[in-house]
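Shown next: run_2.cif, given as mmCIF, C-alpha atoms and all ligand atoms.
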```cif
data_target
#
loop_
_atom_site.label_atom_id
_atom_site.label_comp_id
_atom_site.auth_asym_id
_atom_site.auth_seq_id
_atom_site.Cartn_x
_atom_site.Cartn_y
_atom_site.Cartn_z
CA MET A 1 20.49 -21.17 -24.81
CA LEU A 2 24.17 -20.61 -25.51
CA SER A 3 26.92 -22.25 -23.52
CA GLY A 4 29.82 -20.57 -21.80
CA LEU A 5 29.52 -21.46 -18.14
CA GLU A 6 30.05 -24.89 -16.73
CA ILE A 7 28.56 -24.43 -13.30
CA HIS A 8 25.39 -26.44 -13.68
CA ASP A 9 24.46 -27.65 -10.19
CA ASP A 10 28.14 -27.60 -9.26
CA ARG A 11 28.15 -26.94 -5.52
CA GLU A 12 31.89 -27.39 -5.30
CA ARG A 13 32.65 -24.37 -7.44
CA MET A 14 29.68 -22.23 -6.56
CA THR A 15 30.35 -20.30 -3.37
CA LYS A 16 27.88 -17.43 -3.89
CA ILE A 17 24.99 -16.61 -6.16
CA TYR A 18 24.51 -12.99 -7.18
CA ILE A 19 21.21 -11.62 -8.44
CA TYR A 20 21.01 -8.31 -10.30
CA GLY A 21 17.58 -7.13 -9.11
CA VAL A 22 14.83 -5.42 -11.05
CA ASN A 23 13.72 -1.83 -10.71
CA TRP A 24 9.92 -2.11 -10.43
CA ILE A 25 8.39 -3.06 -7.08
CA GLY A 26 5.90 -5.53 -8.53
CA ASP A 27 8.59 -7.22 -10.63
CA ALA A 28 10.88 -7.40 -7.62
CA ILE A 29 8.20 -9.22 -5.63
CA ILE A 30 7.55 -11.63 -8.51
CA SER A 31 11.29 -12.31 -8.74
CA LEU A 32 11.35 -13.36 -5.07
CA SER A 33 9.71 -16.61 -6.06
CA ALA A 34 12.92 -17.60 -7.91
CA LEU A 35 15.02 -16.54 -4.92
CA GLU A 36 12.93 -18.80 -2.70
CA GLY A 37 13.42 -21.69 -5.14
CA ILE A 38 17.19 -21.15 -5.17
CA ARG A 39 17.24 -20.92 -1.39
CA GLN A 40 15.34 -24.19 -1.07
CA LYS A 41 17.77 -25.96 -3.36
CA PHE A 42 20.93 -24.39 -1.96
CA PRO A 43 20.18 -23.69 1.71
CA GLU A 44 23.76 -22.82 2.57
CA ILE A 45 24.97 -20.78 -0.37
CA PRO A 46 24.82 -17.01 0.14
CA ILE A 47 22.42 -15.26 -2.23
CA ILE A 48 23.49 -11.66 -2.70
CA VAL A 49 21.18 -9.22 -4.42
CA LEU A 50 22.60 -6.24 -6.30
CA SER A 51 19.66 -3.89 -6.15
CA PRO A 52 18.64 -0.53 -7.59
CA PRO A 53 17.58 1.86 -4.78
CA ARG A 54 13.88 1.74 -5.63
CA THR A 55 13.54 -1.97 -4.82
CA SER A 56 16.32 -2.57 -2.31
CA GLN A 57 13.87 -2.51 0.63
CA ILE A 58 11.90 -5.30 -1.04
CA TYR A 59 14.95 -7.50 -1.42
CA GLU A 60 16.03 -6.68 2.14
CA LEU A 61 12.73 -8.19 3.37
CA SER A 62 13.25 -11.40 1.43
CA PRO A 63 14.11 -14.28 3.77
CA ALA A 64 15.85 -15.94 0.82
CA ALA A 65 18.39 -13.14 0.32
CA THR A 66 21.51 -13.28 2.45
CA SER A 67 22.43 -9.66 1.82
CA VAL A 68 21.58 -6.74 -0.45
CA ILE A 69 24.04 -4.36 -2.07
CA THR A 70 22.36 -1.17 -3.26
CA PHE A 71 23.85 0.69 -6.20
CA GLY A 72 22.73 3.62 -8.35
CA ASP A 73 21.87 7.16 -7.21
CA GLY A 74 25.62 7.83 -7.06
CA LYS A 75 26.50 4.44 -5.59
CA PRO A 76 28.48 2.48 -8.21
CA LEU A 77 28.24 -1.25 -8.73
CA LYS A 78 31.68 -2.41 -7.62
CA THR A 79 33.23 -5.79 -8.24
CA PRO A 80 32.71 -7.72 -5.06
CA ARG A 81 35.16 -10.34 -3.93
CA GLY A 82 34.21 -13.66 -5.43
CA SER A 83 33.20 -12.10 -8.71
CA SER A 84 33.79 -15.43 -10.41
CA SER A 85 30.47 -16.53 -8.89
CA VAL A 86 27.48 -16.60 -11.16
CA VAL A 87 25.34 -13.47 -11.45
CA LEU A 88 21.79 -13.76 -12.76
CA CYS A 89 20.81 -10.58 -14.56
CA PHE A 90 17.06 -10.32 -13.90
CA PRO A 91 16.32 -7.08 -15.85
CA LEU A 92 16.12 -7.11 -19.63
CA SER A 93 17.78 -3.75 -20.13
CA PHE A 94 21.03 -3.08 -21.93
CA ARG A 95 22.12 -0.97 -18.99
CA SER A 96 21.93 -3.84 -16.50
CA ALA A 97 24.16 -6.06 -18.67
CA TRP A 98 26.52 -3.14 -19.25
CA ASN A 99 26.79 -2.47 -15.52
CA LEU A 100 27.67 -6.10 -14.87
CA TRP A 101 30.16 -6.27 -17.71
CA ARG A 102 32.09 -3.22 -16.62
CA SER A 103 31.99 -4.09 -12.93
CA GLY A 104 34.03 -7.21 -13.59
CA PHE A 105 31.66 -10.13 -12.97
CA LYS A 106 32.89 -13.07 -14.99
CA ASN A 107 29.79 -15.27 -15.17
CA ARG A 108 26.97 -13.05 -16.36
CA VAL A 109 23.73 -14.81 -17.26
CA GLY A 110 20.67 -13.18 -18.79
CA PHE A 111 18.07 -13.15 -21.52
CA ALA A 112 19.07 -11.79 -24.92
CA SER A 113 17.43 -8.39 -25.48
CA GLU A 114 18.27 -4.82 -26.45
CA GLY A 115 21.41 -5.95 -28.32
CA ARG A 116 23.20 -6.85 -25.11
CA SER A 117 24.17 -10.44 -25.91
CA LEU A 118 27.86 -9.60 -26.23
CA LEU A 119 27.86 -8.28 -22.67
CA LEU A 120 26.65 -11.59 -21.23
CA ASN A 121 28.48 -14.86 -21.35
CA ARG A 122 25.46 -17.08 -21.13
CA ILE A 123 22.28 -15.96 -22.84
CA LEU A 124 18.75 -17.29 -23.03
CA ASP A 125 16.26 -16.73 -25.81
CA TYR A 126 13.78 -14.13 -24.57
CA LYS A 127 11.37 -14.49 -27.51
CA LYS A 128 11.16 -18.22 -26.88
CA TRP A 129 10.17 -17.63 -23.26
CA LYS A 130 7.71 -14.89 -24.26
CA ASN A 131 6.01 -17.14 -26.78
CA LYS A 132 5.21 -19.66 -24.05
CA HIS A 133 2.74 -17.14 -22.52
CA LEU A 134 3.54 -18.04 -18.94
CA HIS A 135 3.37 -16.11 -15.69
CA GLN A 136 6.25 -13.69 -15.26
CA SER A 137 7.60 -15.64 -12.30
CA THR A 138 8.67 -18.36 -14.76
CA TYR A 139 10.95 -15.85 -16.49
CA TYR A 140 13.11 -15.55 -13.38
CA ARG A 141 12.93 -19.24 -12.64
CA GLU A 142 13.98 -20.16 -16.17
CA LEU A 143 16.98 -17.88 -15.86
CA ALA A 144 18.01 -19.47 -12.58
CA GLU A 145 17.44 -23.01 -13.84
CA ALA A 146 19.64 -22.37 -16.87
CA VAL A 147 22.66 -22.51 -14.60
CA LEU A 148 21.45 -24.06 -11.37
CA GLY A 149 19.32 -26.89 -12.69
CA PRO A 150 15.67 -27.40 -11.66
CA ILE A 151 14.61 -25.43 -8.61
CA PRO A 152 11.42 -25.90 -6.59
CA VAL A 153 8.42 -23.71 -7.36
CA GLU A 154 8.01 -21.50 -4.31
CA PRO A 155 5.79 -18.51 -3.58
CA ALA A 156 7.30 -15.07 -3.03
CA ARG A 157 7.69 -14.32 0.66
CA LEU A 158 8.46 -11.30 2.80
CA ARG A 159 9.72 -11.37 6.37
CA ILE A 160 9.21 -8.27 8.45
CA PRO A 161 11.70 -7.86 11.30
CA PRO A 162 10.28 -7.04 14.77
CA ASP A 163 11.38 -3.38 14.84
CA LEU A 164 9.62 -2.73 11.54
CA LEU A 165 6.59 -4.71 12.60
CA ASN A 166 6.42 -2.54 15.66
CA LYS A 167 6.20 0.56 13.46
CA GLY A 168 3.29 -0.99 11.57
CA GLN A 169 1.47 -1.78 14.80
CA GLN A 170 2.19 1.70 16.13
CA PHE A 171 0.64 3.27 13.04
CA LEU A 172 -2.61 1.45 13.76
CA LEU A 173 -2.46 2.37 17.44
CA ASN A 174 -1.81 6.05 16.67
CA ASN A 175 -4.89 6.10 14.47
CA HIS A 176 -7.03 4.17 16.99
CA PHE A 177 -7.51 1.36 14.47
CA ARG A 178 -6.31 -1.49 16.61
CA ASP A 179 -9.82 -2.91 17.11
CA HIS A 180 -11.02 -2.27 13.60
CA PHE A 181 -11.19 -4.42 10.52
CA CYS A 182 -8.54 -2.58 8.52
CA ILE A 183 -8.90 -2.45 4.76
CA ALA A 184 -5.84 -1.33 2.83
CA ILE A 185 -6.62 0.47 -0.40
CA ASN A 186 -4.05 1.19 -3.07
CA PRO A 187 -5.83 3.37 -5.64
CA GLY A 188 -2.83 4.54 -7.71
CA ALA A 189 -0.47 2.94 -10.19
CA TYR A 190 3.00 4.20 -11.10
CA PHE A 191 2.78 2.71 -14.56
CA GLY A 192 0.05 5.07 -15.74
CA SER A 193 -3.59 6.03 -15.45
CA ALA A 194 -4.87 3.17 -17.63
CA LYS A 195 -4.27 0.72 -14.77
CA MET A 196 -6.20 2.87 -12.32
CA TRP A 197 -9.78 2.13 -11.36
CA PRO A 198 -11.59 5.52 -11.52
CA ILE A 199 -11.08 7.64 -8.41
CA ARG A 200 -14.81 8.35 -8.15
CA PHE A 201 -15.38 4.57 -7.92
CA TYR A 202 -12.95 4.34 -5.03
CA LYS A 203 -14.81 7.14 -3.27
CA THR A 204 -18.13 5.35 -3.75
CA LEU A 205 -16.67 2.05 -2.58
CA ILE A 206 -15.14 3.54 0.57
CA GLY A 207 -18.41 5.31 1.39
CA LYS A 208 -20.30 2.02 1.10
CA ILE A 209 -17.80 0.10 3.22
CA LEU A 210 -17.82 2.67 6.02
CA GLU A 211 -21.60 2.88 5.97
CA GLU A 212 -22.26 -0.85 5.99
CA PHE A 213 -19.40 -1.91 8.28
CA PRO A 214 -19.00 0.73 10.98
CA ASN A 215 -16.18 -1.13 12.67
CA THR A 216 -14.04 -0.92 9.59
CA ALA A 217 -11.12 1.44 9.03
CA ILE A 218 -9.55 2.34 5.71
CA ILE A 219 -5.86 2.98 5.13
CA LEU A 220 -4.93 4.53 1.78
CA PHE A 221 -1.51 3.70 0.39
CA SER A 222 0.42 5.62 -2.24
CA GLY A 223 3.90 6.59 -3.26
CA GLU A 224 5.27 10.03 -4.04
CA LYS A 225 4.20 9.85 -7.66
CA ASP A 226 0.58 8.86 -7.12
CA ARG A 227 -0.13 10.62 -3.82
CA HIS A 228 -2.42 13.06 -5.66
CA VAL A 229 -4.87 10.16 -5.93
CA THR A 230 -4.99 9.41 -2.20
CA ARG A 231 -5.15 13.13 -1.44
CA GLU A 232 -8.18 13.55 -3.65
CA ILE A 233 -9.93 10.66 -1.91
CA SER A 234 -8.98 11.88 1.59
CA GLU A 235 -10.27 15.35 0.83
CA ALA A 236 -13.58 13.98 -0.46
CA ILE A 237 -14.16 11.59 2.45
CA ARG A 238 -13.42 13.28 5.73
CA SER A 239 -13.72 10.55 8.32
CA PRO A 240 -11.74 9.51 11.39
CA LYS A 241 -12.00 5.99 9.97
CA LEU A 242 -9.88 6.90 6.97
CA VAL A 243 -6.17 7.73 6.95
CA SER A 244 -3.56 7.94 4.25
CA THR A 245 0.13 7.19 4.21
CA ASP A 246 0.20 10.13 1.78
CA GLY A 247 3.18 8.84 -0.15
CA SER A 248 5.46 9.98 2.65
CA ILE A 249 6.17 6.73 4.48
CA PRO A 250 9.18 4.64 3.43
CA LEU A 251 8.34 1.53 1.47
CA ASN A 252 9.44 -0.91 4.17
CA GLU A 253 7.28 0.84 6.79
CA SER A 254 4.34 0.86 4.39
CA ILE A 255 4.78 -2.89 4.03
CA ALA A 256 4.81 -3.25 7.81
CA ILE A 257 1.56 -1.27 8.04
CA LEU A 258 0.04 -3.32 5.23
CA SER A 259 0.94 -6.50 7.09
CA GLN A 260 -1.29 -5.31 9.94
CA CYS A 261 -4.33 -4.86 7.70
CA HIS A 262 -6.97 -7.54 7.24
CA TYR A 263 -7.87 -7.00 3.60
CA LEU A 264 -6.48 -5.36 0.47
CA VAL A 265 -8.14 -3.59 -2.44
CA SER A 266 -5.63 -2.68 -5.12
CA ASN A 267 -5.10 -1.83 -8.73
CA ASP A 268 -2.62 -4.00 -10.61
CA SER A 269 0.44 -2.55 -8.89
CA GLY A 270 3.43 -3.27 -6.69
CA MET A 271 1.25 -3.09 -3.59
CA MET A 272 -0.96 -5.87 -4.97
CA HIS A 273 2.09 -8.13 -5.28
CA ILE A 274 3.27 -7.16 -1.80
CA GLY A 275 -0.16 -8.07 -0.41
CA ALA A 276 0.08 -11.44 -2.16
CA ALA A 277 3.54 -12.06 -0.70
CA LEU A 278 2.11 -11.24 2.75
CA LYS A 279 -0.67 -13.79 2.10
CA MET A 280 -3.34 -11.15 2.54
CA LYS A 281 -6.91 -11.64 1.45
CA GLY A 282 -8.22 -9.11 -1.03
CA VAL A 283 -9.20 -8.08 -4.52
CA ALA A 284 -7.07 -6.87 -7.44
CA LEU A 285 -8.74 -4.73 -10.09
CA PHE A 286 -7.45 -5.46 -13.58
CA GLY A 287 -8.14 -3.57 -16.81
CA PRO A 288 -5.48 -3.08 -19.50
CA THR A 289 -3.07 -5.74 -18.25
CA ASP A 290 -3.05 -9.53 -18.29
CA SER A 291 -3.77 -11.15 -14.96
CA PHE A 292 -2.58 -14.48 -16.31
CA ALA A 293 0.90 -13.10 -16.98
CA THR A 294 1.36 -10.71 -14.07
CA GLY A 295 -1.48 -11.52 -11.69
CA PRO A 296 -1.02 -11.93 -7.94
CA MET A 297 0.87 -15.06 -6.92
CA SER A 298 -1.63 -15.97 -4.24
CA LYS A 299 -5.10 -17.44 -4.43
CA GLU A 300 -6.10 -15.21 -1.52
CA ILE A 301 -6.18 -12.18 -3.82
CA CYS A 302 -9.10 -12.43 -6.22
CA VAL A 303 -8.76 -10.76 -9.61
CA LEU A 304 -11.80 -8.71 -10.65
CA SER A 305 -12.10 -7.44 -14.21
CA HIS A 306 -14.62 -6.68 -16.92
CA GLN A 307 -13.79 -8.33 -20.20
CA VAL A 308 -13.57 -5.99 -23.17
CA SER A 309 -12.23 -6.77 -26.63
CA CYS A 310 -9.36 -4.26 -26.45
CA SER A 311 -7.88 -5.78 -23.26
CA PRO A 312 -5.08 -6.43 -22.60
CA CYS A 313 -3.62 -3.39 -24.37
CA PHE A 314 -0.72 -2.73 -21.93
CA LEU A 315 -0.99 1.02 -22.60
CA ARG A 316 -0.13 3.58 -19.96
CA GLU A 317 -2.99 5.89 -20.95
CA CYS A 318 -6.27 4.74 -22.43
CA PRO A 319 -6.80 6.13 -25.95
CA ILE A 320 -10.57 5.53 -25.82
CA ASP A 321 -13.09 5.56 -22.97
CA HIS A 322 -11.37 3.34 -20.36
CA ARG A 323 -14.21 0.85 -20.62
CA CYS A 324 -12.18 -1.98 -19.10
CA MET A 325 -12.32 -0.12 -15.78
CA GLU A 326 -15.50 1.92 -16.23
CA PHE A 327 -17.60 -1.24 -16.56
CA LEU A 328 -16.15 -2.73 -13.40
CA THR A 329 -18.60 -1.03 -11.07
CA PRO A 330 -18.19 -0.18 -7.37
CA GLU A 331 -21.27 -2.30 -6.70
CA LYS A 332 -19.58 -5.37 -8.13
CA VAL A 333 -16.38 -4.80 -6.15
CA PHE A 334 -18.31 -4.05 -2.97
CA LEU A 335 -20.29 -7.28 -3.29
CA LYS A 336 -17.09 -9.30 -3.45
CA ILE A 337 -15.63 -7.52 -0.42
CA LYS A 338 -18.86 -7.99 1.47
CA ASP A 339 -18.91 -11.71 0.62
CA ASP A 340 -15.35 -12.08 1.84
CA MET A 341 -16.12 -10.27 5.08
CA MET A 342 -19.24 -12.33 5.68
CA GLU A 343 -17.29 -15.49 5.03
CA GLN A 344 -14.86 -14.53 7.75
CA LYS A 345 -17.73 -14.45 10.24
CA ARG A 346 -17.15 -18.13 10.71
CA PHE A 347 -13.89 -17.33 12.48
CA VAL A 348 -14.38 -17.17 16.20
CA GLY A 349 -14.55 -13.64 17.47
CA PHE A 350 -14.65 -11.97 14.07
CA ARG A 351 -18.23 -10.78 14.35
CA GLU A 352 -17.72 -9.56 17.91
CA ARG A 353 -14.68 -7.59 16.89
CA PHE A 354 -15.58 -6.19 13.52
CA LEU A 355 -19.19 -6.55 12.38
S1 LIG B 1 -7.68 0.50 -24.70
FE1 LIG B 1 -9.16 -0.91 -23.81
S2 LIG B 1 -7.94 -2.22 -22.43
FE2 LIG B 1 -6.68 -0.45 -22.95
S3 LIG B 1 -7.04 0.97 -21.23
FE3 LIG B 1 -8.48 1.50 -22.89
S4 LIG B 1 -10.35 0.38 -22.42
FE4 LIG B 1 -8.71 -0.52 -21.22
#
```
How would this structure read if it were set down as structure tokens?
Ligand code: SF4
Amino acid sequence: MLSGLEIHDDRERMTKIYIYGVNWIGDAIISLSALEGIRQKFPEIPIIVLSPPRTSQIYELSPAATSVITFGDGKPLKTPRGSSSVVLCFPLSFRSAWNLWRSGFKNRVGFASEGRSLLLNRILDYKKWKNKHLHQSTYYRELAEAVLGPIPVEPARLRIPPDLLNKGQQFLLNNHFRDHFCIAINPGAYFGSAKMWPIRFYKTLIGKILEEFPNTAIILFSGEKDRHVTREISEAIRSPKLVSTDGSIPLNESIAILSQCHYLVSNDSGMMHIGAALKMKGVALFGPTDSFATGPMSKEICVLSHQVSCSPCFLRECPIDHRCMEFLTPEKVFLKIKDDMMEQKRFVGFRERFL
């Protein structure tokens, strides 16, 4: 790490902490763990997140963030008052460092990558962190600790305000799901088709769930880009027990709806990380990615995968036969869901309500 800033654990001089947020939903959730650690250590210092539009609703739901300033999509990143405060540049891109440099922040801290070192005035060695093969949450924590000293290890958290929660509850009421065991299913993945469990497997799985557990309802989640997946499933399974957000519900409302569900089935995606931050029980289906590095930050979400020699490949599209996902059968996933549901029988009233 290079020097440049002398603010290490200096509460006298540090009046605000700025975070330049990341652009992917899953990464944003993972980064919340560092925000929670900073908040624990500095309960009174404002933490201000400078966020791209795509993830601003995530940061707005973080109880650790004091406020969120959204930029991009025509909204420039302006120099806020107090720009001498430290700003932690969470993304690795050249553009993020460039934006901070030209907006006038004086204490810009980030990992060295994409030839951007000259734009930052304290840099960390990215390759060194990468070679440690740790979970991605440690990347954000290491960045924060470089200037703030050790921070507690905290899980990512989301706090849903009452008005938003009300919208989530209303969605269930409107669909007559209030007395059902609601299973949230996120069958898409923005990153690419390689991360997606085959759609025909989702159809089989949903059919089995609805057949075996009649008091269950399914809510399909998607965004604009992967709504074709939920549409295909909805068209194949016409049932009053299945609804889809159809990629048309704002992210924060989708999170509120998700918070009302009892279980989550998801590909390795942003929704999986949101479910983990909401402390939901569920399963995450992994194929071409590494669950050790980017897996859910909650033991309540169980990772299911089928080991193949080419995994993890981190490719967006599979160049061969997608065996990492094709060998993870609906029967295997259903058995895990069934086990989890049966286990919940021990909770008073569960059987009466749902089974
Ligand atoms: S190359 Fe292997 S790990 Fe990558 S998507 Fe294809 S089957 Fe999965």
Expected answer as a PDB file with C-alpha atoms, in the coordinates of the input: residues within 9 Å of ligand LIG 1 (chain B), all atoms listed in the file:
```
ATOM      1  CA  SER A 193      -3.590   6.030 -15.450  1.00  0.00           C
ATOM      2  CA  ALA A 194      -4.870   3.170 -17.630  1.00  0.00           C
ATOM      3  CA  LYS A 195      -4.270   0.720 -14.770  1.00  0.00           C
ATOM      4  CA  GLY A 287      -8.140  -3.570 -16.810  1.00  0.00           C
ATOM      5  CA  PRO A 288      -5.480  -3.080 -19.500  1.00  0.00           C
ATOM      6  CA  THR A 289      -3.070  -5.740 -18.250  1.00  0.00           C
ATOM      7  CA  GLN A 307     -13.790  -8.330 -20.200  1.00  0.00           C
ATOM      8  CA  VAL A 308     -13.570  -5.990 -23.170  1.00  0.00           C
ATOM      9  CA  SER A 309     -12.230  -6.770 -26.630  1.00  0.00           C
ATOM     10  CA  CYS A 310      -9.360  -4.260 -26.450  1.00  0.00           C
ATOM     11  CA  SER A 311      -7.880  -5.780 -23.260  1.00  0.00           C
ATOM     12  CA  PRO A 312      -5.080  -6.430 -22.600  1.00  0.00           C
ATOM     13  CA  CYS A 313      -3.620  -3.390 -24.370  1.00  0.00           C
ATOM     14  CA  PHE A 314      -0.720  -2.730 -21.930  1.00  0.00           C
ATOM     15  CA  LEU A 315      -0.990   1.020 -22.600  1.00  0.00           C
ATOM     16  CA  ARG A 316      -0.130   3.580 -19.960  1.00  0.00           C
ATOM     17  CA  GLU A 317      -2.990   5.890 -20.950  1.00  0.00           C
ATOM     18  CA  CYS A 318      -6.270   4.740 -22.430  1.00  0.00           C
ATOM     19  CA  PRO A 319      -6.800   6.130 -25.950  1.00  0.00           C
ATOM     20  CA  ILE A 320     -10.570   5.530 -25.820  1.00  0.00           C
ATOM     21  CA  ASP A 321     -13.090   5.560 -22.970  1.00  0.00           C
ATOM     22  CA  HIS A 322     -11.370   3.340 -20.360  1.00  0.00           C
ATOM     23  CA  ARG A 323     -14.210   0.850 -20.620  1.00  0.00           C
ATOM     24  CA  CYS A 324     -12.180  -1.980 -19.100  1.00  0.00           C
ATOM     25  CA  MET A 325     -12.320  -0.120 -15.780  1.00  0.00           C
ATOM     26  CA  GLU A 326     -15.500   1.920 -16.230  1.00  0.00           C
TER      27      GLU A 326
END
```
Long-range neighbours of A:His273 as a PyMOL selection string, 8 Å cut-off, all atoms listed in the file, 6 positions minimum in chain: chain A and resi 26+29-30+296-297
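Excluding A:Phe94 and any residue on its chain fewer than 5 positions from it, the residues at most 10 Å away by only C-alpha atoms are Asn99, Ala112, Ser113, Glu114, Gly115, Arg116, Ser117 and Leu119 of chain A.
The smallest atom-to-atom distance between A:Ala189 and any of A:Asp226, A:Glu142, A:Glu44, A:Asp340, using all atoms listed in the file, is found for A:Asp226.
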Which polymer residues have any atom within 12 Å of an atom of A:Lys332, counting all atoms listed in the file, with same-chain residues fewer than 6 positions away left out, as a PyMOL selection string? chain A and resi 201+204-205+208+283+285+304-306+325-326+338-339
Please write the residues from the selection above to a file, keeping C-alpha atoms, as a compact mmCIF listing (two decimals), keeping the file's coordinate frame.
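Output (selection-v4.txt):
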```txt
# COMPACT_ATOMS: atom_id res chain seq x y z
CA PHE A 201 -15.38 4.57 -7.92
CA THR A 204 -18.13 5.35 -3.75
CA LEU A 205 -16.67 2.05 -2.58
CA LYS A 208 -20.30 2.02 1.10
CA VAL A 283 -9.20 -8.08 -4.52
CA LEU A 285 -8.74 -4.73 -10.09
CA LEU A 304 -11.80 -8.71 -10.65
CA SER A 305 -12.10 -7.44 -14.21
CA HIS A 306 -14.62 -6.68 -16.92
CA MET A 325 -12.32 -0.12 -15.78
CA GLU A 326 -15.50 1.92 -16.23
CA LYS A 338 -18.86 -7.99 1.47
CA ASP A 339 -18.91 -11.71 0.62
```
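Shortest atom-to-atom contact with A:Asn175 among A:Arg157, A:Arg200, A:His135, A:Lys241: A:Lys241, counting all atoms listed in the file.
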Excluding A:His262 and residues on its chain fewer than 3 positions from it, collect all residues at most 10 Å away from it, counting all atoms listed in the file, and give them as an mmCIF file with C-alpha atoms, keeping the file's coordinate frame.
```
data_model
loop_
_atom_site.group_PDB
_atom_site.id
_atom_site.type_symbol
_atom_site.label_atom_id
_atom_site.label_comp_id
_atom_site.auth_asym_id
_atom_site.auth_seq_id
_atom_site.Cartn_x
_atom_site.Cartn_y
_atom_site.Cartn_z
ATOM 1 C CA HIS A 180 -11.020 -2.270 13.600
ATOM 2 C CA PHE A 181 -11.190 -4.420 10.520
ATOM 3 C CA CYS A 182 -8.540 -2.580 8.520
ATOM 4 C CA ILE A 183 -8.900 -2.450 4.760
ATOM 5 C CA ALA A 184 -5.840 -1.330 2.830
ATOM 6 C CA THR A 216 -14.040 -0.920 9.590
ATOM 7 C CA LEU A 258 0.040 -3.320 5.230
ATOM 8 C CA SER A 259 0.940 -6.500 7.090
ATOM 9 C CA MET A 280 -3.340 -11.150 2.540
ATOM 10 C CA LYS A 281 -6.910 -11.640 1.450
ATOM 11 C CA GLY A 282 -8.220 -9.110 -1.030
ATOM 12 C CA MET A 341 -16.120 -10.270 5.080
#
```
So the first atom is atom CA of A:Ile274 and the second is atom CA of A:Thr138; what is the distance between them in Å, to one decimal place? 18.0 Å
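The interatomic distance for the pair atom CA of A:Glu212 and atom CA of A:Leu264 works out to 17.3 Å.
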List as an mmCIF file with C-alpha atoms, keeping the file's coordinate frame the protein and nucleic acid residues near A:Ile45, meaning an atom at most 8 Å away when all atoms listed in the file are counted, but skip any in the same chain fewer than 5 places from it.
```
data_model
loop_
_atom_site.group_PDB
_atom_site.id
_atom_site.type_symbol
_atom_site.label_atom_id
_atom_site.label_comp_id
_atom_site.auth_asym_id
_atom_site.auth_seq_id
_atom_site.Cartn_x
_atom_site.Cartn_y
_atom_site.Cartn_z
ATOM 1 C CA MET A 14 29.680 -22.230 -6.560
ATOM 2 C CA THR A 15 30.350 -20.300 -3.370
ATOM 3 C CA LYS A 16 27.880 -17.430 -3.890
ATOM 4 C CA ILE A 17 24.990 -16.610 -6.160
ATOM 5 C CA ARG A 39 17.240 -20.920 -1.390
#
```
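For the choices A:Val265, A:Ile58, A:Ile69, A:Val86, the atom-to-atom distance to A:Val303 is smallest for A:Val265 when using only C-alpha atoms.
Distance-wise, atom CA of A:Ser291 and atom CA of A:Met196 end up 14.5 Å apart.
With distances restricted to all atoms listed in the file, A:Gly188 is the closest residue to A:Met272 from A:Gly188, A:Pro214, A:Pro150, A:Gly247.
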Please, which residues in stretch 184-299 of chain A fall within 9 Å of stretch 163-169 of chain A when counting all atoms listed in the file, and what is the closest atom pair and distance in Å to one decimal for each, ordered by chain then residue number, as CSV?
```
residue,atom,partner,partner_atom,distance
A:Asn252,CA,A:Leu164,CA,7.6
A:Glu253,CA,A:Leu164,CA,6.4
A:Ser254,CA,A:Gly168,CA,7.5
A:Ile255,CA,A:Gly168,CA,7.9
A:Ala256,CA,A:Gly168,CA,4.6
A:Ile257,CA,A:Gly168,CA,3.9
A:Leu258,CA,A:Gly168,CA,7.5
A:Ser259,CA,A:Gly168,CA,7.5
A:Gln260,CA,A:Gly168,CA,6.5
```
